[in-house]
Amino acid sequence: MISLKDKDIISILDFTKEEILYILEISGKMEKEDRHGILSGKILANLFFEPSTRTRLSFEAAMKRLGGEVIGFDDLGTTSTVKGESLRDSVKIIEGYCDIIVLRHFLEGASRLTADSVNIPVINAGDGASQHPTQTFVDLYTIQKSKGEIENLSIGFLGDLKYGRTAHSLAYALAHFNADMYFISPPSLRMPKDYLEELELKKVSFQEVNSISEVSDKLDILYCTRIQKERFAEPVEYEKVRGLYKLSKSVMDELNVKDGLKILHPLPRVDEMDESLDSTEYAVYFQQAHSGVPVREALLASVLGVIQ
Amino acid sequence: MISLKDKDIISILDFTKEEILYILEISGKMEKEDRHGILSGKILANLFFEPSTRTRLSFEAAMKRLGGEVIGFDDLGTTSTVKGESLRDSVKIIEGYCDIIVLRHFLEGASRLTADSVNIPVINAGDGASQHPTQTFVDLYTIQKSKGEIENLSIGFLGDLKYGRTAHSLAYALAHFNADMYFISPPSLRMPKDYLEELELKKVSFQEVNSISEVSDKLDILYCTRIQKERFAEPVEYEKVRGLYKLSKSVMDELNVKDGLKILHPLPRVDEMDESLDSTEYAVYFQQAHSGVPVREALLASVLGVIQ
Amino acid sequence: MISLKDKDIISILDFTKEEILYILEISGKMEKEDRHGILSGKILANLFFEPSTRTRLSFEAAMKRLGGEVIGFDDLGTTSTVKGESLRDSVKIIEGYCDIIVLRHFLEGASRLTADSVNIPVINAGDGASQHPTQTFVDLYTIQKSKGEIENLSIGFLGDLKYGRTAHSLAYALAHFNADMYFISPPSLRMPKDYLEELELKKVSFQEVNSISEVSDKLDILYCTRIQKERFAEPVEYEKVRGLYKLSKSVMDELNVKDGLKILHPLPRVDEMDESLDSTEYAVYFQQAHSGVPVREALLASVLGVIQ
């Protein structure tokens with residue numbers, strides 16, 4: 001029997017296929033049923049050492065939907081770290097105020113350090129450029145919900161695959177589910193070699209292409225990512241890439257796509273995805289954002305041991 | 001039968017006389033009775049794109065007094081808008097986290113745009129220079145409570161009537177109640193022409209004067225507003241006006257006033273109203289501030305459909 | 001019979017020995033028993049005019065552990081004071097939104113002014129350089145808990161005794177309990193004369209020394225404080241002092257200490273106390289930090305009158 005009681009959620013790599021499926025199942029129940037009160041009396045400490053409004057609010061909503069309480073901060077400037085306190089000291093103290101910690105930090109490894117320092121469960125809400133596992137659970141849940149299944153799908157990853165941590169984590173997770181993967185990006189923003197080698201080891205079938213038109217007829221899911229201006233040394237380079245990877249209703253109309261294709265995006269978008277797409281049947285990115293609540297309800301309730 | 005279930009609260013102009021009276025009646029009940037628990041399990045998202053501590057705290061208190069929960073932010077710097085996200089996207093995402101949105105924004109029209117983007121009720125907590133309807137309900141409630149009635153009163157509006165949006169909205173709302181209005185201001189801060197024309201259309205009797213002494217013996221209510229230094233190009237001009245429209249106990253002692261006159265002020269005050277006034281029987285502005293809670297309780301419970 | 005209902009908590013000096021013992025007793029009960037729900041429907045306003053994450057979070061946790069709700073702010077920039085409002089006006093308005101106020105302010109005397117302005121209980125969470133009484137209750141509780149008693153102990157105060165307000169308040173409070181006190185500091189950071197004279201009046205036995213080695217064999221409790229760089233005009237002076245008053249496991253190993261010595265620190269520490277100390281049996285400073293919750297639960301429940 002699977003139990004996630006007291007488990008830290010630091011990286012999607014720490015989860016077996018069975019554990020992932022279990023969390024998706026609980027997430028579905030959370031979305032359908034009202035479980036207000038099951039976390040009554042429990043306190044979540046939302047420690048956001050860098051701001052991330054969307055993630056913070058969805059954890060808060062999840063905790064409060066289940067009847068729990070939230071304390072925390074969302075701004076480095078108001079914390080004791082300005083007095084020179086170590087992260088280790090900070091979390092060891094706050095451990096005494098709460099039942100579970102959700103940590104967002106600008107430094108890679110901050111979540112693991114926190115989990116090693118305290119005796120209560122820790123959930124990584126993004127640390128540095130590395131891991132953001134709850135986003136990956138949200139992505140997996142949205143894929144499963146919108147396609148009715150999660151095994152044997154063809155998934156396209158579009159945009160900045162070099163720096164996009166959500167794409168990296170999702171690719172790893174989908175390796176459990178016999179996915180065919182298509183990495184669609186300009187040459188300068190390809191998936192890092194390490195990741196590709198890891199996928200090869202896991203015997204994942206994948207292909208790298210420059211343009212969505214080369215593979216659009218094969219895709220069940222198109223996972224878009226934000227192309228960040230900051231990643232380019234030359235503005236001219238950014239402008240060129242940005243135009244090529246911009247989706248809109250008219251772009252989709254001209255592509256040859258498979259029936260039932262769904263488009264995901266972790267949001268926020270800037271201009272890589274036009275609002276004209278929102279009313280098409282491809283678009284599931286707002287449902288994806290809304291799924292942040294039931295998925296995080298499932299994670300909170302599981303590691304707090306009220307659902308087994 | 002009146003029901004406000006699912007209604008957005010964007011402008012006082014959207015409300016009929018009957019709806020206003022209905023909200024005042026529910027507000028009175030909220031002040032007298034303990035209704036803790038009627039909003040249990042509901043979540044309010046308090047989205048403050050510009051800070052307004054008083055308004056934010058009174059919405060939070062109202063929601064929590066009724067057993068509901070609050071999520072949100074009070075500082076633009078911590079939101080995704082720094083990444084270039086549109087307001088429309090932001091609120092469509094947050095819609096999935098909550099049951100009702102309260103929005104404060106620096107741009108006129110932001111509340112209407114939000115209400116058009118989401119399928120849950122939206123309450124305008126002030127957008128740009130235009131509307132702040134819940135403040136108007138608080139003002140109306142305070143007038144009714146302190147005078148025992150709201151029909152056929154004589155109301156003086158004192159101070160900055162050019163930029164004071166609370167005065168504009170209150171004047172419009174009182175047009176339903178056969179009020180006689182006196183606009184007391186320096187010539188440079190008169191009510192805008194549009195508003196006066198609208199009042200004429202509604203057949204409201206009003207008069208513009210330079211000094212409170214010309215009309216003090218006629219007033220049942222004196223509604224003061226803050227004169228903001230920023231409105232004046234010349235500091236000298238500000239200093240001159242400020243002295244003329246400053247109220248104190250000794251100023252009131254020298255005026256010929258009607259029995260039972262009550263003074264309101266939306267607060268904060270700076271120095272247009274002296275602390276010596278606080279202990280007089282004229283002063284109801286702190287009660288007015290405190291009424292923010294029951295009035296907002298009434299609004300939240302009504303649009304969430306738990307009171308009909 | 002002791003009742004603290006409606007009492008303001010402004011300074012430890014306002015409490016009798018009996019009242020202090022009463023609060024320590026209630027704190028012990030709060031730590032052992034789950035009292036979730038006894039503050040249901042009550043609202044605490046956490047007004048932090050200067051940031052203090054630790055104190056703010058521990059009050060929030062205490063209120064929420066008991067089923068109460070919290071509103072507030074932790075950042076001056078988001079409050080109406082930027083519009084020039086007086087503290088008196090701010091708290092008189094917020095009084096209408098809540099049942100109890102916790103105030104942190106950068107100005108000495110702000111808590112007393114607040115308590116004089118409103119009709120609900122006020123708790124001082126630190127105002128200027130003067131008082132922070134709830135920290136003193138936490139310190140007393142930790143001493144009593146770790147030693148099994150609070151009477152007749154030998155207490156060493158180490159570090160910055162000139163500016164360290166926690167040391168000042170704790171010394172005053174321990175004067176009730178027949179303590180022997182040892183003030184261990186560099187000559188430039190000695191206890192202020194006023195305090196020593198007051199202790200003499202109270203017939204407290206105390207001694208001032210330069211080094212912990214002179215008195216280590218006498219101490220039941222060693223109370224460390226942070227030595228703040230800002231207090232020194234010359235960096236060189238700071239470096240010299242800092243080295244002499246730094247504790248670590250190896251420093252402790254070389255000292256001749258009494259059995260059962262416990263080390264407290266109000267935290268955050270910077271480098272005056274090495275992490276090597278954390279796993280020794282001397283260290284109780286993390287328990288001390290965690291005791292912030294039950295002690296503040298006791299204070300909140302007592303002044304709100306739900307425990308008598």
# chains A, B, ... in the order shown; residues from 1 in each chain; ligands from 1

$ residues_around --residues "Asp259 of chain C" --least-positions-apart "2" --cutoff "9 Å" --atoms "only C-alpha atoms" --output "VMD selection string"
chain C and resid 217 220 257 261

$ write_last_selection --atoms "N, CA, C and O atoms" --output "PDB file, in the first residue's frame"
ATOM      1  N   ASP C 217      31.416  28.156  36.393  1.00  0.00           N
ATOM      2  CA  ASP C 217      31.091  27.044  37.297  1.00  0.00           C
ATOM      3  C   ASP C 217      29.920  27.342  38.227  1.00  0.00           C
ATOM      4  O   ASP C 217      29.472  26.491  38.973  1.00  0.00           O
ATOM      5  N   ASP C 220      23.509  28.287  36.309  1.00  0.00           N
ATOM      6  CA  ASP C 220      22.466  27.335  35.907  1.00  0.00           C
ATOM      7  C   ASP C 220      21.985  27.644  34.498  1.00  0.00           C
ATOM      8  O   ASP C 220      21.568  26.766  33.759  1.00  0.00           O
ATOM      9  N   VAL C 257      32.019  23.916  33.879  1.00  0.00           N
ATOM     10  CA  VAL C 257      30.611  24.321  34.027  1.00  0.00           C
ATOM     11  C   VAL C 257      29.854  23.415  34.977  1.00  0.00           C
ATOM     12  O   VAL C 257      30.227  22.274  35.207  1.00  0.00           O
ATOM     13  N   LEU C 261      23.796  22.926  33.054  1.00  0.00           N
ATOM     14  CA  LEU C 261      23.766  24.284  32.495  1.00  0.00           C
ATOM     15  C   LEU C 261      22.985  24.314  31.187  1.00  0.00           C
ATOM     16  O   LEU C 261      23.145  23.428  30.339  1.00  0.00           O
TER      17      LEU C 261
END

$ interface_residues --of "chain A" --to "chain C" --cutoff "10 Å" --atoms "only C-alpha atoms" --output "PyMOL selection string"
chain A and resi 40-45+68-73+77-81+83-86+88-90+92-98

$ select_by_dssp --residues "segment 1-190 of chain A" --states "strand (DSSP E)" --output "PyMOL selection string"
chain A and resi 43-48+69-73+100-105+122-127+154-158+180-184

$ write_last_selection --atoms "N, CA, C and O atoms" --output "short mmCIF file (atom, residue, chain, number, x, y, z; two decimals), in the first residue's frame"
data_model
loop_
_atom_site.label_atom_id
_atom_site.label_comp_id
_atom_site.auth_asym_id
_atom_site.auth_seq_id
_atom_site.Cartn_x
_atom_site.Cartn_y
_atom_site.Cartn_z
N ILE A 43 -1.34 23.78 10.36
CA ILE A 43 -0.78 25.05 9.88
C ILE A 43 0.32 24.79 8.85
O ILE A 43 1.25 24.03 9.09
N LEU A 44 0.16 25.46 7.72
CA LEU A 44 1.18 25.45 6.65
C LEU A 44 1.99 26.74 6.75
O LEU A 44 1.42 27.83 6.84
N ALA A 45 3.32 26.62 6.73
CA ALA A 45 4.16 27.83 6.63
C ALA A 45 4.63 27.96 5.19
O ALA A 45 5.35 27.11 4.67
N ASN A 46 4.18 29.03 4.56
CA ASN A 46 4.49 29.33 3.17
C ASN A 46 5.70 30.27 3.16
O ASN A 46 5.56 31.47 3.36
N LEU A 47 6.90 29.72 2.96
CA LEU A 47 8.11 30.53 3.07
C LEU A 47 8.62 30.87 1.68
O LEU A 47 9.29 30.07 1.03
N PHE A 48 8.28 32.07 1.22
CA PHE A 48 8.66 32.47 -0.13
C PHE A 48 9.80 33.48 -0.05
O PHE A 48 9.59 34.67 0.12
N GLU A 69 -4.81 26.17 8.04
CA GLU A 69 -4.42 27.58 8.17
C GLU A 69 -3.05 27.80 7.53
O GLU A 69 -2.27 26.86 7.39
N VAL A 70 -2.77 29.04 7.18
CA VAL A 70 -1.51 29.38 6.53
C VAL A 70 -0.85 30.56 7.24
O VAL A 70 -1.52 31.53 7.58
N ILE A 71 0.45 30.45 7.48
CA ILE A 71 1.25 31.60 7.90
C ILE A 71 2.39 31.72 6.89
O ILE A 71 2.58 30.82 6.07
N GLY A 72 3.16 32.80 6.95
CA GLY A 72 4.30 32.87 6.04
C GLY A 72 4.67 34.26 5.61
O GLY A 72 4.22 35.25 6.19
N PHE A 73 5.52 34.31 4.61
CA PHE A 73 5.95 35.59 4.04
C PHE A 73 6.18 35.39 2.55
O PHE A 73 6.38 34.27 2.08
N ILE A 100 3.78 21.86 8.43
CA ILE A 100 4.37 21.56 7.12
C ILE A 100 4.94 22.86 6.55
O ILE A 100 4.38 23.94 6.79
N ILE A 101 6.05 22.73 5.83
CA ILE A 101 6.69 23.91 5.23
C ILE A 101 6.62 23.80 3.71
O ILE A 101 6.92 22.75 3.14
N VAL A 102 6.19 24.89 3.06
CA VAL A 102 6.33 25.03 1.61
C VAL A 102 7.40 26.09 1.37
O VAL A 102 7.28 27.20 1.91
N LEU A 103 8.43 25.74 0.63
CA LEU A 103 9.56 26.65 0.46
C LEU A 103 9.77 27.04 -0.99
O LEU A 103 9.84 26.20 -1.88
N ARG A 104 9.87 28.33 -1.21
CA ARG A 104 10.32 28.86 -2.50
C ARG A 104 11.60 29.62 -2.23
O ARG A 104 11.64 30.48 -1.33
N HIS A 105 12.66 29.31 -2.99
CA HIS A 105 13.95 29.94 -2.69
C HIS A 105 14.69 30.20 -3.99
O HIS A 105 14.52 29.50 -4.97
N VAL A 122 8.47 18.84 4.07
CA VAL A 122 8.83 20.04 3.31
C VAL A 122 8.42 19.83 1.85
O VAL A 122 8.70 18.78 1.27
N ILE A 123 7.77 20.84 1.28
CA ILE A 123 7.42 20.80 -0.14
C ILE A 123 8.19 21.90 -0.86
O ILE A 123 8.14 23.07 -0.46
N ASN A 124 8.90 21.51 -1.90
CA ASN A 124 9.65 22.44 -2.72
C ASN A 124 8.71 23.16 -3.69
O ASN A 124 8.10 22.52 -4.55
N ALA A 125 8.60 24.46 -3.56
CA ALA A 125 7.77 25.24 -4.48
C ALA A 125 8.64 25.98 -5.49
O ALA A 125 8.27 27.05 -5.98
N GLY A 126 9.79 25.39 -5.77
CA GLY A 126 10.72 25.99 -6.73
C GLY A 126 11.97 26.49 -6.03
O GLY A 126 11.87 27.39 -5.21
N ASP A 127 13.12 25.91 -6.34
CA ASP A 127 14.37 26.46 -5.78
C ASP A 127 15.38 26.64 -6.88
O ASP A 127 15.84 25.70 -7.51
N SER A 154 1.93 11.07 -27.38
CA SER A 154 2.98 11.81 -28.08
C SER A 154 2.95 13.25 -27.59
O SER A 154 1.92 13.92 -27.70
N ILE A 155 4.08 13.70 -27.07
CA ILE A 155 4.12 15.01 -26.44
C ILE A 155 5.14 15.89 -27.14
O ILE A 155 6.30 15.49 -27.30
N GLY A 156 4.72 17.09 -27.56
CA GLY A 156 5.66 18.06 -28.08
C GLY A 156 6.00 19.10 -27.02
O GLY A 156 5.11 19.58 -26.33
N PHE A 157 7.27 19.39 -26.89
CA PHE A 157 7.72 20.46 -25.98
C PHE A 157 8.20 21.61 -26.85
O PHE A 157 9.10 21.43 -27.67
N LEU A 158 7.62 22.79 -26.66
CA LEU A 158 7.87 23.90 -27.57
C LEU A 158 8.48 25.10 -26.85
O LEU A 158 7.99 25.51 -25.80
N ASP A 180 6.15 9.28 -26.42
CA ASP A 180 7.03 9.71 -27.52
C ASP A 180 7.21 11.21 -27.39
O ASP A 180 6.22 11.95 -27.30
N MET A 181 8.45 11.66 -27.41
CA MET A 181 8.69 13.09 -27.16
C MET A 181 9.28 13.79 -28.37
O MET A 181 10.15 13.23 -29.05
N TYR A 182 8.81 15.02 -28.61
CA TYR A 182 9.31 15.85 -29.70
C TYR A 182 9.75 17.18 -29.10
O TYR A 182 8.92 17.89 -28.49
N PHE A 183 11.01 17.47 -29.23
CA PHE A 183 11.56 18.71 -28.65
C PHE A 183 11.69 19.75 -29.75
O PHE A 183 12.55 19.64 -30.63
N ILE A 184 10.82 20.75 -29.72
CA ILE A 184 10.71 21.74 -30.79
C ILE A 184 11.27 23.06 -30.31
O ILE A 184 10.67 23.73 -29.46
#

$ select_by_dssp --residues "segment 21-240 of chain A" --states "alpha helix (DSSP H)" --output "PyMOL selection string"
chain A and resi 21-32+53-65+87-94+110-117+133-147+165-174+193-201+235-240

$ atom_distance --atom1 "atom CA of Ile120 of chain B" --atom2 "atom CA of Thr166 of chain A"
29.6 Å

$ decode --residues "segment 46-157 of chain C" --atoms "C-alpha atoms" --output "short mmCIF file (atom, residue, chain, number, x, y, z; two decimals), in the first residue's frame"
data_model
loop_
_atom_site.label_atom_id
_atom_site.label_comp_id
_atom_site.auth_asym_id
_atom_site.auth_seq_id
_atom_site.Cartn_x
_atom_site.Cartn_y
_atom_site.Cartn_z
CA ASN C 46 -1.06 42.07 13.71
CA LEU C 47 0.18 45.63 13.11
CA PHE C 48 3.87 45.48 12.25
CA PHE C 49 5.09 48.99 11.51
CA GLU C 50 8.54 47.48 11.23
CA PRO C 51 9.23 43.93 10.07
CA SER C 52 9.90 41.14 12.55
CA THR C 53 9.11 37.87 10.84
CA ARG C 54 9.74 35.59 13.77
CA THR C 55 7.55 37.51 16.20
CA ARG C 56 4.82 38.03 13.64
CA LEU C 57 4.68 34.37 12.64
CA SER C 58 4.65 33.12 16.21
CA PHE C 59 1.69 35.35 17.08
CA GLU C 60 -0.10 34.19 13.93
CA ALA C 61 0.60 30.56 14.71
CA ALA C 62 -0.60 31.00 18.31
CA MET C 63 -3.86 32.66 17.22
CA LYS C 64 -4.53 30.08 14.52
CA ARG C 65 -3.65 27.10 16.76
CA LEU C 66 -6.50 28.30 18.98
CA GLY C 67 -8.90 28.67 16.05
CA GLY C 68 -8.75 32.46 15.79
CA GLU C 69 -8.16 34.57 12.70
CA VAL C 70 -5.45 37.10 11.86
CA ILE C 71 -5.45 40.26 9.75
CA GLY C 72 -2.66 42.82 9.50
CA PHE C 73 0.37 44.12 7.73
CA ASP C 74 4.10 43.68 8.08
CA ASP C 75 5.40 46.53 6.06
CA LEU C 76 5.17 50.23 6.67
CA GLY C 77 5.07 51.00 2.97
CA THR C 78 1.62 49.51 2.53
CA THR C 79 -0.09 51.45 5.31
CA SER C 80 -2.02 54.70 5.38
CA THR C 81 0.76 56.32 7.36
CA VAL C 82 2.27 57.18 4.03
CA LYS C 83 -0.65 59.55 3.60
CA GLY C 84 0.26 61.25 6.87
CA GLU C 85 -2.25 59.59 9.18
CA SER C 86 -1.46 59.57 12.90
CA LEU C 87 -0.87 56.29 14.72
CA ARG C 88 -3.77 57.22 16.99
CA ASP C 89 -6.20 57.48 14.06
CA SER C 90 -4.90 54.27 12.48
CA VAL C 91 -5.42 52.16 15.58
CA LYS C 92 -8.79 53.74 16.43
CA ILE C 93 -10.03 52.69 13.00
CA ILE C 94 -8.52 49.21 13.06
CA GLU C 95 -10.02 48.69 16.51
CA GLY C 96 -13.34 48.29 14.69
CA TYR C 97 -12.01 45.39 12.64
CA CYS C 98 -10.68 43.14 15.39
CA ASP C 99 -10.79 41.89 18.99
CA ILE C 100 -7.15 42.39 19.93
CA ILE C 101 -4.17 44.32 18.58
CA VAL C 102 -0.54 43.15 18.49
CA LEU C 103 1.72 46.10 17.73
CA ARG C 104 5.32 46.26 16.58
CA HIS C 105 6.61 49.78 16.12
CA PHE C 106 9.90 51.53 15.60
CA LEU C 107 9.03 54.24 18.15
CA GLU C 108 9.35 53.83 21.89
CA GLY C 109 6.00 54.38 23.57
CA ALA C 110 3.89 53.47 20.54
CA SER C 111 2.28 50.55 22.37
CA ARG C 112 1.29 52.61 25.38
CA LEU C 113 -0.21 55.25 23.09
CA THR C 114 -2.14 52.56 21.24
CA ALA C 115 -3.44 51.03 24.46
CA ASP C 116 -4.60 54.48 25.59
CA SER C 117 -6.41 55.07 22.27
CA VAL C 118 -8.50 51.90 21.94
CA ASN C 119 -10.92 49.87 24.05
CA ILE C 120 -9.60 46.41 23.16
CA PRO C 121 -6.49 44.70 24.55
CA VAL C 122 -3.11 45.65 23.09
CA ILE C 123 0.02 43.48 23.15
CA ASN C 124 3.40 45.11 22.65
CA ALA C 125 5.48 43.05 20.22
CA GLY C 126 8.44 45.40 20.56
CA ASP C 127 8.47 49.18 20.37
CA GLY C 128 11.74 50.93 19.71
CA ALA C 129 14.59 50.08 22.02
CA SER C 130 12.41 49.68 25.08
CA GLN C 131 10.08 46.76 25.76
CA HIS C 132 9.31 43.38 24.21
CA PRO C 133 7.45 41.69 27.06
CA THR C 134 6.28 38.56 25.27
CA GLN C 135 9.90 37.65 24.56
CA THR C 136 10.57 37.90 28.29
CA PHE C 137 7.68 35.55 29.05
CA VAL C 138 9.14 33.11 26.49
CA ASP C 139 12.55 33.37 28.17
CA LEU C 140 11.09 32.80 31.64
CA TYR C 141 9.05 29.85 30.41
CA THR C 142 12.12 28.27 28.82
CA ILE C 143 14.17 28.72 32.00
CA GLN C 144 11.44 27.18 34.13
CA LYS C 145 10.88 24.32 31.73
CA SER C 146 14.53 23.44 31.19
CA LYS C 147 15.48 23.69 34.89
CA GLY C 148 12.23 22.43 36.40
CA GLU C 149 12.02 25.54 38.56
CA ILE C 150 12.52 29.29 38.33
CA GLU C 151 13.41 30.29 41.91
CA ASN C 152 16.97 30.65 43.25
CA LEU C 153 18.86 30.18 39.98
CA SER C 154 22.23 31.60 38.93
CA ILE C 155 21.94 33.34 35.60
CA GLY C 156 24.73 34.62 33.38
CA PHE C 157 23.97 37.31 30.80
#
